[in-house]
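**Q** First the structure, which I've put down as structure tokens, then a few questions once you've had a look.
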Protein chains: 2
Amino acid sequence: MREVAALSGTSLKTVSRVFNEVSTVDPELVVRVKKAAAKLHYTPNMTAGSLRRIDGRTRTIGLLLEDISNPFSSVLHRVFENYARELGFIVFVASLDEEADREKELVSLFISRRVDGLIIAPSTSDHSYLKPEVKAGIKVGFIDRPPINFAADSVLSTNKEGSKDAVDHLLSFGHKRIAYIGDQPDIYTAQQRYSGYKSALQSAKIPLNQSMVIQGPRSHEDLIDQIKKLVTSSNAPTAIFASQNLVTVAAIRALRDARLEKKVALIGFDEIPVGDLLDPAITLVTQDIRAMGEKSAELLFSRINGYDGKVRQEIIPTTLTARGSGEIRPKF
Amino acid sequence: MREVAALSGTSLKTVSRVFNEVSTVDPELVVRVKKAAAKLHYTPNMTAGSLRRIDGRTRTIGLLLEDISNPFSSVLHRVFENYARELGFIVFVASLDEEADREKELVSLFISRRVDGLIIAPSTSDHSYLKPEVKAGIKVGFIDRPPINFAADSVLSTNKEGSKDAVDHLLSFGHKRIAYIGDQPDIYTAQQRYSGYKSALQSAKIPLNQSMVIQGPRSHEDLIDQIKKLVTSSNAPTAIFASQNLVTVAAIRALRDARLEKKVALIGFDEIPVGDLLDPAITLVTQDIRAMGEKSAELLFSRINGYDGKVRQEIIPTTLTARGSGEIRPKF
DNA sequence: CTGAAAGCGCTAACAC
DNA sequence: GTGTTAGCGCTTTCAG
């Protein structure tokens, strides 16, 4: 920057003004400075700039997601990227893999990079450790799962209601023996979805039968085996509610293996890629991931831009799309 | 940091030494400093640190990928995340969406953040603009597609050979009328795959028939329509080679709509999620995305860590997996 | 083994 | 409209 000032015959400050698009600079000087900068291949150093800048902002946000190679996380990432780019922000992302201590580790890593905001799709854990950070000025939002022992903006899906919708749908087709296959029950979303399942059964006055419930954690292969055992047992379910995408895929594979895919109804929660190309096509309850991301970005940036009001919680509705597998009637 | 020094009764420099794990500090002081830091919720400011640090490194790399919400990009991202995390590096990612000018824009954005290295999955364009940046010390690597007018490490797949394998496979099942459906032909990988298709036909002494070739860009729906027209025409192909994942999905949909999915053979290039659950299961040529990412990270970090030898190009082999759709014989 | 002074590249505050 | 000086939070250099 000093060299640019020298070459263009101006001062440091003028160069700074030019690159910050301060309007009060002589247009002729602007041209001279830009020419000199181009000649020297000068690129402003944003990190140095934010050091002295009065608000100390780095125009950087951090995303802590479950696993950025899975579609839920990577679509969220993309939505944030678009939103951030508009505003001149840049995005750091890291994967938590359901490990609670990694969350803290990454939060402090991101804070050491002085991110302006943080979005967390948390593993279950206590979030009170964030209090001093927020006091120090960092903005925090939660997505997919709410914070624990800590107040912050959050964006969630209708996990419980969507699950109840799915099970109600199966009930409306005459099913009475409906299995629940789900993720490990310490995960918030898994709890909520299980709770929706139970609530639907209760409304229909069907007692909960634990032999119809399979919950993780287990390997994909184990899960397939277990579902296969369940659907071929003497007291098999006539319908399955699979409460997560990988679990739904396991259910599809198990039904295929048992040649029951057209006999036993199946509704899954979450998107399955090309689920409409399967035979039968898979009836799904899906989250509006883009809407979740948009809303979450909106809430975070409103805080970064100065909003300091009360904590907000947004609930994004899920949608049931009937495509075949969920409309199979029980055989008597 | 000054406050931490004051509270622990030491100097700035000692605090710095403690956080940089310099071994020559009195253990008792280390404890005192850490205690003071915890009390004040002090987190070192890495960005400030790299400003004065002798190598000027920020321990940050930037990834410019096609679209981080698609699996190819997000799996690469994940591989880099893991590799970078081991080394204390953090990763910026952005999506290019096949827009060449966005590439330059993002490169200079990342450079203004002073990334130590850059990995680019480029849209077709001239890369000589990177020369001054490399001279200035930034390390650059290419993935998926090679640089143009510029020398840098790159990691590619056997696009041409893998495509030839696919078409050879179809030929070995007796097909003579094999269609090529592909991406827009200005994309490097699309060119290579088309070239593999032509080369296989040539080896089999089958003349290239342009009515059997469909290339983008077009919308998913248009593509489906066009494939449907092709397979139901009087002179329809008995087999299809689809040279990219979205294109393969379009081909599957088109064949379904025409009820020809068990009559016309299909091999796709690239992974299709749950492709094995379709009926017929889809025969695919797949890239080893993880290996590509690993190798690419290895090359980039070797340069960041001082390697300054000649430019390297790594070719990662693709694999053909027969699963049904590619083993349908032509009906005469 | 520890500390004081200088300075990384930039912007803030204030003068001109 | 433009330049000067100080200082952001840290690491370097070098003296003790």
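Residues in the structure tokens are numbered from 1 in each chain, the chains being A, B, ... in the order shown, and ligands are numbered from 1 in the order shown.
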I want to know what sits within 9 Å of C:DA12, based on only C-alpha atoms (C1' of nucleotides), with residues of the same chain fewer than 6 positions away left out; could you give that as JSON, numbers by chain?

**A** {"A": [52, 53, 54], "D": [6]}

**Q** Please save N, CA and C atoms (P, O5', C5', C4', C3', O3' and C1' of nucleotides) of the selected residues as a PDB file, in the first residue's frame.

**A**
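As written to disk, out15.pdb reads:
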```pdb
ATOM      1  N   ARG A  52      -7.895  -2.642  12.695  1.00  0.00           N
ATOM      2  CA  ARG A  52      -7.983  -1.277  13.202  1.00  0.00           C
ATOM      3  C   ARG A  52      -9.386  -0.692  13.050  1.00  0.00           C
ATOM      4  N   ARG A  53     -10.179  -1.305  12.174  1.00  0.00           N
ATOM      5  CA  ARG A  53     -11.510  -0.765  11.877  1.00  0.00           C
ATOM      6  C   ARG A  53     -12.324  -0.624  13.150  1.00  0.00           C
ATOM      7  N   ILE A  54     -13.115   0.426  13.201  1.00  0.00           N
ATOM      8  CA  ILE A  54     -13.749   0.796  14.471  1.00  0.00           C
ATOM      9  C   ILE A  54     -14.691  -0.289  14.999  1.00  0.00           C
TER      10      ILE A  54
ATOM     11  P    DA D   6       2.435  10.465  17.009  1.00  0.00           P
ATOM     12  O5'  DA D   6       1.282   9.444  17.384  1.00  0.00           O
ATOM     13  C5'  DA D   6       0.028   9.957  17.844  1.00  0.00           C
ATOM     14  C4'  DA D   6      -0.992   8.835  17.874  1.00  0.00           C
ATOM     15  C3'  DA D   6      -0.525   7.585  18.628  1.00  0.00           C
ATOM     16  O3'  DA D   6      -1.598   7.174  19.445  1.00  0.00           O
ATOM     17  C1'  DA D   6      -1.240   6.977  16.470  1.00  0.00           C
TER      18       DA D   6
END
```

**Q** Let's see if you can do this: from backbone DSSP, list all alpha helix (DSSP H) residues in stretch 178-232 of chain A, as a ChimeraX atom specification.

**A** /A:188-203,220-231

**Q** Please, which residues in chain B fall within 6 Å of chain A when counting only C-alpha atoms, and what is the closest atom pair and distance in Å to one decimal for each, ordered by chain then residue number, as a Markdown table?

**A**
```
| residue | atom | partner | partner_atom | distance |
| --- | --- | --- | --- | --- |
| B:Thr43 | CA | A:Ser112 | CA | 5.8 |
| B:Pro44 | CA | A:Ser112 | CA | 5.6 |
| B:Asn45 | CA | A:Ser112 | CA | 4.9 |
| B:Met46 | CA | A:Ser112 | CA | 5.5 |
| B:Thr47 | CA | A:Arg113 | CA | 6.0 |
| B:Ser69 | CA | A:Ser74 | CA | 4.8 |
| B:Ser74 | CA | A:Ser69 | CA | 4.8 |
| B:Val75 | CA | A:Ser69 | CA | 4.8 |
| B:Arg78 | CA | A:Ser69 | CA | 5.7 |
| B:Phe92 | CA | A:Phe92 | CA | 5.4 |
| B:Ser112 | CA | A:Asn45 | CA | 4.9 |
| B:Arg113 | CA | A:Met46 | CA | 5.6 |
| B:Leu278 | CA | A:Leu278 | CA | 5.5 |
```

**Q** List as a tab-separated table (two decimals) with C-alpha atoms (C1' of nucleotides), in the first residue's frame the protein and nucleic acid residues near stretch 13-15 of chain C, meaning an atom at most 12 Å away when only C-alpha atoms (C1' of nucleotides) are counted, but skip any in the same chain fewer than 5 places from it.

**A**
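Heads up, here's the output in around-v9.tsv:
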```tsv
chain	number	residue	atom	x	y	z
A	54	ILE	CA	-13.75	0.80	14.47
D	2	DT	C1'	-5.82	15.36	1.45
D	3	DG	C1'	-2.01	14.14	4.71
D	4	DT	C1'	-0.14	13.04	9.40
D	5	DT	C1'	0.08	10.52	13.50
D	6	DA	C1'	-1.24	6.98	16.47
D	7	DG	C1'	-2.49	2.37	17.34
```

**Q** If you run DSSP over the backbone, which residues in stretch 62-197 of chain A end up strand (DSSP E or B)? Put them as a ChimeraX atom specification.

**A** /A:62-65,90-95,117-120,139-143,153-157,178-182

**Q** Near chain D, meaning an atom within 12 Å, which residues of chain A appear when counting only C-alpha atoms (C1' of nucleotides)? Write them as a VMD selection string.

**A** chain A and resid 5 9 to 17 22 to 29 47 to 57 112 114

**Q** Which of these, A:Tyr83, A:Phe150, A:Phe19, A:Phe142, has the shortest distance to chain C once you count only C-alpha atoms (C1' of nucleotides)?

**A**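 Of A:Tyr83, A:Phe150, A:Phe19, A:Phe142, the one nearest chain C, counting only C-alpha atoms (C1' of nucleotides), is A:Phe19.
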
**Q** Just need the residues of chain C within 9 Å of chain B, counting only C-alpha atoms (C1' of nucleotides), so spit them out as number ranges by chain.

**A** C: 1-3, 7-9

**Q** Excluding B:Gln184 and its own-chain neighbours fewer than 3 positions away, which residues fall within 9 Å of it when counting only C-alpha atoms (C1' of nucleotides)? Please give them as a ChimeraX atom specification.

**A** /B:187,190-191,215-218

**Q** Keeping C-alpha atoms for every residue in the selection just given, could you write it to a file as an mmCIF file, in the first residue's frame?

**A**
```cif
data_model
loop_
_atom_site.group_PDB
_atom_site.id
_atom_site.type_symbol
_atom_site.label_atom_id
_atom_site.label_comp_id
_atom_site.auth_asym_id
_atom_site.auth_seq_id
_atom_site.Cartn_x
_atom_site.Cartn_y
_atom_site.Cartn_z
ATOM 1 C CA ILE B 187 -16.669 -27.945 -20.211
ATOM 2 C CA ALA B 190 -17.615 -33.049 -21.015
ATOM 3 C CA GLN B 191 -15.169 -32.803 -23.908
ATOM 4 C CA GLN B 215 -25.236 -32.059 -25.678
ATOM 5 C CA GLY B 216 -26.213 -29.248 -23.296
ATOM 6 C CA PRO B 217 -26.814 -26.655 -22.154
ATOM 7 C CA ARG B 218 -30.518 -27.156 -21.661
#
```

**Q** Hand me chain B as it sits after a least-squares fit onto chain A over every Cα, paired in order, written as a compact mmCIF listing (two decimals) with C-alpha atoms, in the first residue's frame.

**A**
```
# COMPACT_ATOMS: atom_id res chain seq x y z
CA MET B 1 -0.02 -0.08 -0.02
CA ARG B 2 2.89 2.21 0.74
CA GLU B 3 4.32 1.41 -2.65
CA VAL B 4 1.02 2.20 -4.31
CA ALA B 5 0.96 5.56 -2.52
CA ALA B 6 4.49 6.27 -3.64
CA LEU B 7 3.90 5.25 -7.25
CA SER B 8 0.71 7.28 -7.50
CA GLY B 9 2.25 10.24 -5.70
CA THR B 10 -0.32 10.29 -2.93
CA SER B 11 -0.45 9.27 0.70
CA LEU B 12 -1.36 6.03 2.38
CA LYS B 13 -4.65 7.47 3.46
CA THR B 14 -5.73 8.38 -0.03
CA VAL B 15 -5.04 4.86 -1.23
CA SER B 16 -7.09 3.58 1.69
CA ARG B 17 -9.90 5.94 0.79
CA VAL B 18 -9.88 4.81 -2.83
CA PHE B 19 -10.17 1.15 -1.92
CA ASN B 20 -12.89 1.86 0.59
CA GLU B 21 -14.80 3.78 -2.04
CA VAL B 22 -14.94 6.96 -0.02
CA SER B 23 -16.77 9.35 -2.31
CA THR B 24 -14.88 12.49 -1.43
CA VAL B 25 -11.73 11.61 -3.34
CA ASP B 26 -10.70 13.56 -6.41
CA PRO B 27 -11.69 11.33 -9.40
CA GLU B 28 -8.34 11.98 -11.00
CA LEU B 29 -6.55 10.62 -7.96
CA VAL B 30 -8.81 7.57 -7.94
CA VAL B 31 -7.68 6.76 -11.44
CA ARG B 32 -4.02 7.27 -10.60
CA VAL B 33 -4.20 5.11 -7.50
CA LYS B 34 -6.02 2.31 -9.29
CA LYS B 35 -3.52 2.34 -12.09
CA ALA B 36 -0.62 2.13 -9.66
CA ALA B 37 -2.32 -0.68 -7.76
CA ALA B 38 -2.87 -2.68 -10.93
CA LYS B 39 0.75 -2.21 -11.94
CA LEU B 40 1.99 -3.50 -8.60
CA HIS B 41 -0.65 -6.26 -8.38
CA TYR B 42 -1.70 -4.79 -5.11
CA THR B 43 -4.65 -6.41 -3.33
CA PRO B 44 -5.89 -4.84 -0.09
CA ASN B 45 -5.34 -6.97 2.98
CA MET B 46 -8.76 -7.26 4.56
CA THR B 47 -7.52 -9.04 7.65
CA ALA B 48 -5.16 -6.19 8.44
CA GLY B 49 -7.96 -3.75 7.78
CA SER B 50 -10.38 -5.27 10.24
CA LEU B 51 -7.73 -5.11 12.93
CA ARG B 52 -7.88 -1.35 13.25
CA ARG B 53 -11.41 -0.83 11.95
CA ILE B 54 -13.65 0.72 14.54
CA ASP B 55 -16.26 -2.05 14.63
CA GLY B 56 -13.54 -4.69 14.40
CA ARG B 57 -15.63 -6.66 11.95
CA THR B 58 -14.02 -9.24 9.73
CA ARG B 59 -17.02 -9.76 7.45
CA THR B 60 -16.74 -13.44 8.12
CA ILE B 61 -19.27 -15.87 9.53
CA GLY B 62 -18.79 -19.43 10.67
CA LEU B 63 -21.12 -22.38 10.13
CA LEU B 64 -20.95 -25.42 12.36
CA LEU B 65 -22.94 -28.12 10.62
CA GLU B 66 -23.43 -31.81 11.06
CA ASP B 67 -21.46 -33.08 8.11
CA ILE B 68 -20.91 -30.86 5.16
CA SER B 69 -20.75 -33.76 2.73
CA ASN B 70 -24.39 -34.59 3.40
CA PRO B 71 -27.04 -32.75 1.42
CA PHE B 72 -28.82 -31.15 4.36
CA SER B 73 -25.63 -29.40 5.45
CA SER B 74 -24.33 -28.59 2.01
CA VAL B 75 -27.60 -27.04 0.87
CA LEU B 76 -27.63 -24.89 4.00
CA HIS B 77 -24.06 -23.92 3.28
CA ARG B 78 -24.99 -22.88 -0.22
CA VAL B 79 -27.85 -20.73 0.95
CA PHE B 80 -25.54 -18.98 3.41
CA GLU B 81 -22.90 -18.56 0.75
CA ASN B 82 -25.34 -16.75 -1.51
CA TYR B 83 -26.68 -14.58 1.27
CA ALA B 84 -23.21 -13.76 2.57
CA ARG B 85 -21.80 -12.99 -0.84
CA GLU B 86 -24.42 -10.29 -1.41
CA LEU B 87 -23.21 -8.60 1.74
CA GLY B 88 -19.48 -9.01 1.14
CA PHE B 89 -19.18 -11.66 3.80
CA ILE B 90 -17.28 -14.90 3.54
CA VAL B 91 -18.17 -18.21 5.17
CA PHE B 92 -16.17 -20.71 7.18
CA VAL B 93 -17.71 -24.15 7.58
CA ALA B 94 -16.86 -27.13 9.70
CA SER B 95 -18.45 -30.50 10.39
CA LEU B 96 -19.36 -31.60 13.90
CA ASP B 97 -20.15 -35.27 13.26
CA GLU B 98 -22.37 -35.31 16.35
CA GLU B 99 -19.37 -34.84 18.63
CA ALA B 100 -20.15 -32.36 21.38
CA ASP B 101 -16.57 -31.51 22.29
CA ARG B 102 -15.73 -30.77 18.69
CA GLU B 103 -18.38 -28.07 18.81
CA LYS B 104 -16.57 -26.16 21.54
CA GLU B 105 -13.24 -26.68 19.87
CA LEU B 106 -14.49 -25.27 16.60
CA VAL B 107 -16.30 -22.38 18.20
CA SER B 108 -13.08 -21.24 19.81
CA LEU B 109 -11.19 -21.85 16.57
CA PHE B 110 -13.65 -19.65 14.72
CA ILE B 111 -13.53 -17.05 17.45
CA SER B 112 -9.76 -16.95 17.19
CA ARG B 113 -10.40 -16.07 13.55
CA ARG B 114 -12.73 -13.36 14.81
CA VAL B 115 -15.86 -14.32 12.90
CA ASP B 116 -18.68 -11.79 13.24
CA GLY B 117 -21.35 -14.45 13.54
CA LEU B 118 -21.80 -18.13 14.13
CA ILE B 119 -24.55 -20.52 13.07
CA ILE B 120 -24.68 -23.80 14.91
CA ALA B 121 -26.55 -27.00 14.12
CA PRO B 122 -25.62 -28.40 17.49
CA SER B 123 -25.02 -31.83 18.79
CA THR B 124 -26.80 -32.22 22.09
CA SER B 125 -24.89 -30.39 24.78
CA ASP B 126 -24.95 -27.44 27.07
CA HIS B 127 -24.52 -24.11 25.30
CA SER B 128 -24.01 -21.87 28.29
CA TYR B 129 -20.31 -21.74 27.39
CA LEU B 130 -21.33 -19.28 24.68
CA LYS B 131 -22.49 -16.61 27.10
CA PRO B 132 -19.15 -14.79 27.46
CA GLU B 133 -18.61 -14.93 23.71
CA VAL B 134 -21.93 -13.29 23.05
CA LYS B 135 -21.16 -10.70 25.68
CA ALA B 136 -17.92 -10.06 23.83
CA GLY B 137 -19.96 -9.22 20.74
CA ILE B 138 -20.24 -12.32 18.60
CA LYS B 139 -23.67 -13.04 17.15
CA VAL B 140 -24.98 -16.58 17.37
CA GLY B 141 -27.88 -18.42 15.77
CA PHE B 142 -29.03 -22.02 15.91
CA ILE B 143 -30.46 -24.10 13.12
CA ASP B 144 -32.17 -27.49 12.98
CA ARG B 145 -31.91 -27.93 16.75
CA PRO B 146 -32.39 -25.44 19.59
CA PRO B 147 -29.73 -24.30 22.06
CA ILE B 148 -29.66 -25.74 25.58
CA ASN B 149 -29.30 -23.49 28.65
CA PHE B 150 -28.71 -20.56 26.41
CA ALA B 151 -30.91 -18.02 24.65
CA ALA B 152 -30.31 -17.38 20.95
CA ASP B 153 -32.22 -17.07 17.71
CA SER B 154 -33.14 -20.41 16.22
CA VAL B 155 -34.73 -21.87 13.11
CA LEU B 156 -36.36 -25.27 13.38
CA SER B 157 -38.62 -27.53 11.34
CA THR B 158 -41.96 -28.93 12.38
CA ASN B 159 -40.33 -32.22 13.27
CA LYS B 160 -43.05 -33.38 15.60
CA GLU B 161 -46.00 -32.18 13.54
CA GLY B 162 -44.51 -33.49 10.29
CA SER B 163 -44.01 -36.90 11.87
CA LYS B 164 -47.52 -36.91 13.19
CA ASP B 165 -48.74 -36.04 9.69
CA ALA B 166 -46.84 -39.01 8.30
CA VAL B 167 -48.24 -41.45 10.84
CA ASP B 168 -51.75 -39.96 10.51
CA HIS B 169 -51.44 -40.52 6.77
CA LEU B 170 -50.61 -44.19 7.35
CA LEU B 171 -53.45 -44.49 9.85
CA SER B 172 -55.88 -43.02 7.32
CA PHE B 173 -55.01 -45.85 4.97
CA GLY B 174 -56.10 -48.34 7.60
CA HIS B 175 -52.78 -49.25 9.17
CA LYS B 176 -52.77 -50.24 12.82
CA ARG B 177 -49.37 -51.85 13.08
CA ILE B 178 -46.96 -49.02 12.26
CA ALA B 179 -43.25 -49.33 13.01
CA TYR B 180 -40.99 -46.42 13.93
CA ILE B 181 -37.40 -46.56 12.73
CA GLY B 182 -35.24 -43.71 13.90
CA ASP B 183 -31.93 -42.16 14.68
CA GLN B 184 -30.23 -42.28 18.07
CA PRO B 185 -32.73 -40.87 20.56
CA ASP B 186 -30.37 -38.35 22.16
CA ILE B 187 -30.61 -36.23 19.01
CA TYR B 188 -33.19 -33.48 19.36
CA THR B 189 -34.79 -33.98 15.96
CA ALA B 190 -34.98 -37.74 16.53
CA GLN B 191 -36.77 -37.16 19.83
CA GLN B 192 -39.23 -34.77 18.26
CA ARG B 193 -40.03 -37.12 15.44
CA TYR B 194 -40.49 -40.05 17.78
CA SER B 195 -42.73 -37.88 19.87
CA GLY B 196 -44.84 -37.08 16.78
CA TYR B 197 -45.14 -40.79 16.07
CA LYS B 198 -46.31 -41.53 19.61
CA SER B 199 -48.73 -38.64 19.57
CA ALA B 200 -50.35 -39.88 16.34
CA LEU B 201 -50.77 -43.37 17.78
CA GLN B 202 -52.22 -41.94 20.93
CA SER B 203 -54.78 -39.85 19.06
CA ALA B 204 -55.80 -43.03 17.25
CA LYS B 205 -55.96 -44.91 20.56
CA ILE B 206 -53.35 -47.41 19.44
CA PRO B 207 -51.07 -48.49 22.27
CA LEU B 208 -47.34 -48.01 21.77
CA ASN B 209 -45.67 -51.34 21.05
CA GLN B 210 -41.92 -51.30 21.74
CA SER B 211 -41.32 -54.25 19.43
CA MET B 212 -42.31 -51.87 16.62
CA VAL B 213 -39.65 -49.33 17.52
CA ILE B 214 -36.05 -49.42 16.33
CA GLN B 215 -33.70 -46.60 17.29
CA GLY B 216 -30.00 -46.03 16.60
CA PRO B 217 -27.13 -45.80 16.86
CA ARG B 218 -26.17 -48.72 14.67
CA SER B 219 -24.43 -49.27 11.38
CA HIS B 220 -26.35 -49.09 8.14
CA GLU B 221 -25.97 -52.84 7.66
CA ASP B 222 -27.14 -53.70 11.16
CA LEU B 223 -30.11 -51.45 10.72
CA ILE B 224 -31.08 -53.13 7.47
CA ASP B 225 -30.81 -56.55 9.12
CA GLN B 226 -32.91 -55.48 12.03
CA ILE B 227 -35.63 -53.99 9.85
CA LYS B 228 -35.63 -57.12 7.73
CA LYS B 229 -36.13 -59.23 10.85
CA LEU B 230 -38.96 -56.99 11.97
CA VAL B 231 -40.89 -57.04 8.70
CA THR B 232 -40.58 -60.80 8.31
CA SER B 233 -41.50 -61.62 11.91
CA SER B 234 -44.78 -63.26 12.80
CA ASN B 235 -46.14 -60.03 14.16
CA ALA B 236 -44.81 -57.75 11.45
CA PRO B 237 -45.88 -54.13 10.90
CA THR B 238 -47.99 -53.28 7.85
CA ALA B 239 -46.40 -49.85 7.62
CA ILE B 240 -43.13 -48.12 8.53
CA PHE B 241 -42.37 -44.54 9.45
CA ALA B 242 -38.63 -43.91 8.91
CA SER B 243 -37.65 -40.74 10.65
CA GLN B 244 -34.47 -39.74 8.80
CA ASN B 245 -33.05 -40.05 5.30
CA LEU B 246 -30.36 -42.69 5.88
CA VAL B 247 -32.83 -44.68 7.93
CA THR B 248 -35.34 -44.45 5.11
CA VAL B 249 -32.78 -45.81 2.68
CA ALA B 250 -32.11 -48.68 5.08
CA ALA B 251 -35.84 -49.39 5.23
CA ILE B 252 -36.07 -49.38 1.45
CA ARG B 253 -33.18 -51.83 1.19
CA ALA B 254 -34.65 -54.08 3.88
CA LEU B 255 -38.07 -54.15 2.21
CA ARG B 256 -36.44 -54.88 -1.15
CA ASP B 257 -34.44 -57.74 0.27
CA ALA B 258 -37.59 -59.18 1.80
CA ARG B 259 -39.56 -58.51 -1.41
CA LEU B 260 -42.09 -56.58 0.62
CA GLU B 261 -41.62 -53.13 -0.92
CA LYS B 262 -45.08 -53.29 -2.47
CA LYS B 263 -46.73 -54.89 0.53
CA VAL B 264 -45.54 -52.78 3.45
CA ALA B 265 -46.24 -49.05 3.39
CA LEU B 266 -43.33 -46.67 3.99
CA ILE B 267 -43.08 -42.97 4.68
CA GLY B 268 -39.71 -41.34 5.19
CA PHE B 269 -38.71 -38.07 6.83
CA ASP B 270 -36.24 -35.91 4.87
CA GLU B 271 -35.35 -35.84 1.22
CA ILE B 272 -34.17 -38.97 -0.59
CA PRO B 273 -32.48 -38.20 -3.89
CA VAL B 274 -34.38 -39.61 -6.86
CA GLY B 275 -36.90 -41.08 -4.40
CA ASP B 276 -39.51 -40.54 -7.09
CA LEU B 277 -37.72 -42.94 -9.46
CA LEU B 278 -37.99 -45.91 -7.15
CA ASP B 279 -40.75 -48.46 -7.46
CA PRO B 280 -42.83 -47.70 -5.56
CA ALA B 281 -41.89 -44.02 -5.42
CA ILE B 282 -41.27 -43.00 -1.84
CA THR B 283 -43.77 -40.89 0.07
CA LEU B 284 -41.81 -38.36 2.08
CA VAL B 285 -42.14 -35.65 4.65
CA THR B 286 -39.57 -33.06 3.64
CA GLN B 287 -38.07 -30.03 5.31
CA ASP B 288 -37.70 -26.79 3.43
CA ILE B 289 -33.94 -26.59 3.84
CA ARG B 290 -33.59 -23.47 1.71
CA ALA B 291 -36.22 -21.62 3.70
CA MET B 292 -34.49 -22.67 6.90
CA GLY B 293 -31.18 -21.35 5.63
CA GLU B 294 -32.65 -18.09 4.36
CA LYS B 295 -34.47 -17.38 7.57
CA SER B 296 -31.47 -18.27 9.66
CA ALA B 297 -29.18 -16.04 7.59
CA GLU B 298 -31.71 -13.23 7.85
CA LEU B 299 -31.82 -13.51 11.64
CA LEU B 300 -28.04 -13.68 11.99
CA PHE B 301 -27.32 -10.75 9.71
CA SER B 302 -29.98 -8.65 11.35
CA ARG B 303 -28.01 -9.03 14.57
CA ILE B 304 -24.71 -8.40 12.87
CA ASN B 305 -26.25 -5.24 11.49
CA GLY B 306 -27.22 -4.00 14.88
CA TYR B 307 -30.56 -5.54 15.83
CA ASP B 308 -30.45 -6.15 19.53
CA GLY B 309 -34.00 -7.14 20.39
CA LYS B 310 -35.37 -10.26 21.92
CA VAL B 311 -34.53 -13.82 20.89
CA ARG B 312 -36.55 -15.15 17.98
CA GLN B 313 -37.57 -18.68 17.09
CA GLU B 314 -38.80 -19.51 13.61
CA ILE B 315 -40.52 -22.75 12.74
CA ILE B 316 -40.44 -23.80 9.11
CA PRO B 317 -43.21 -26.17 8.05
CA THR B 318 -42.55 -29.59 6.56
CA THR B 319 -44.51 -31.02 3.64
CA LEU B 320 -45.88 -34.48 3.06
CA THR B 321 -45.72 -35.58 -0.57
CA ALA B 322 -47.63 -38.75 -1.41
CA ARG B 323 -45.85 -40.69 -4.12
CA GLY B 324 -46.86 -44.32 -3.70
CA SER B 325 -45.01 -46.09 -0.90
CA GLY B 326 -47.11 -44.38 1.76
CA GLU B 327 -50.41 -45.20 0.12
CA ILE B 328 -50.15 -48.98 0.23
CA ARG B 329 -53.07 -50.42 2.20
CA PRO B 330 -52.61 -53.18 4.75
CA LYS B 331 -53.50 -56.67 3.56
CA PHE B 332 -55.72 -58.43 6.06
```
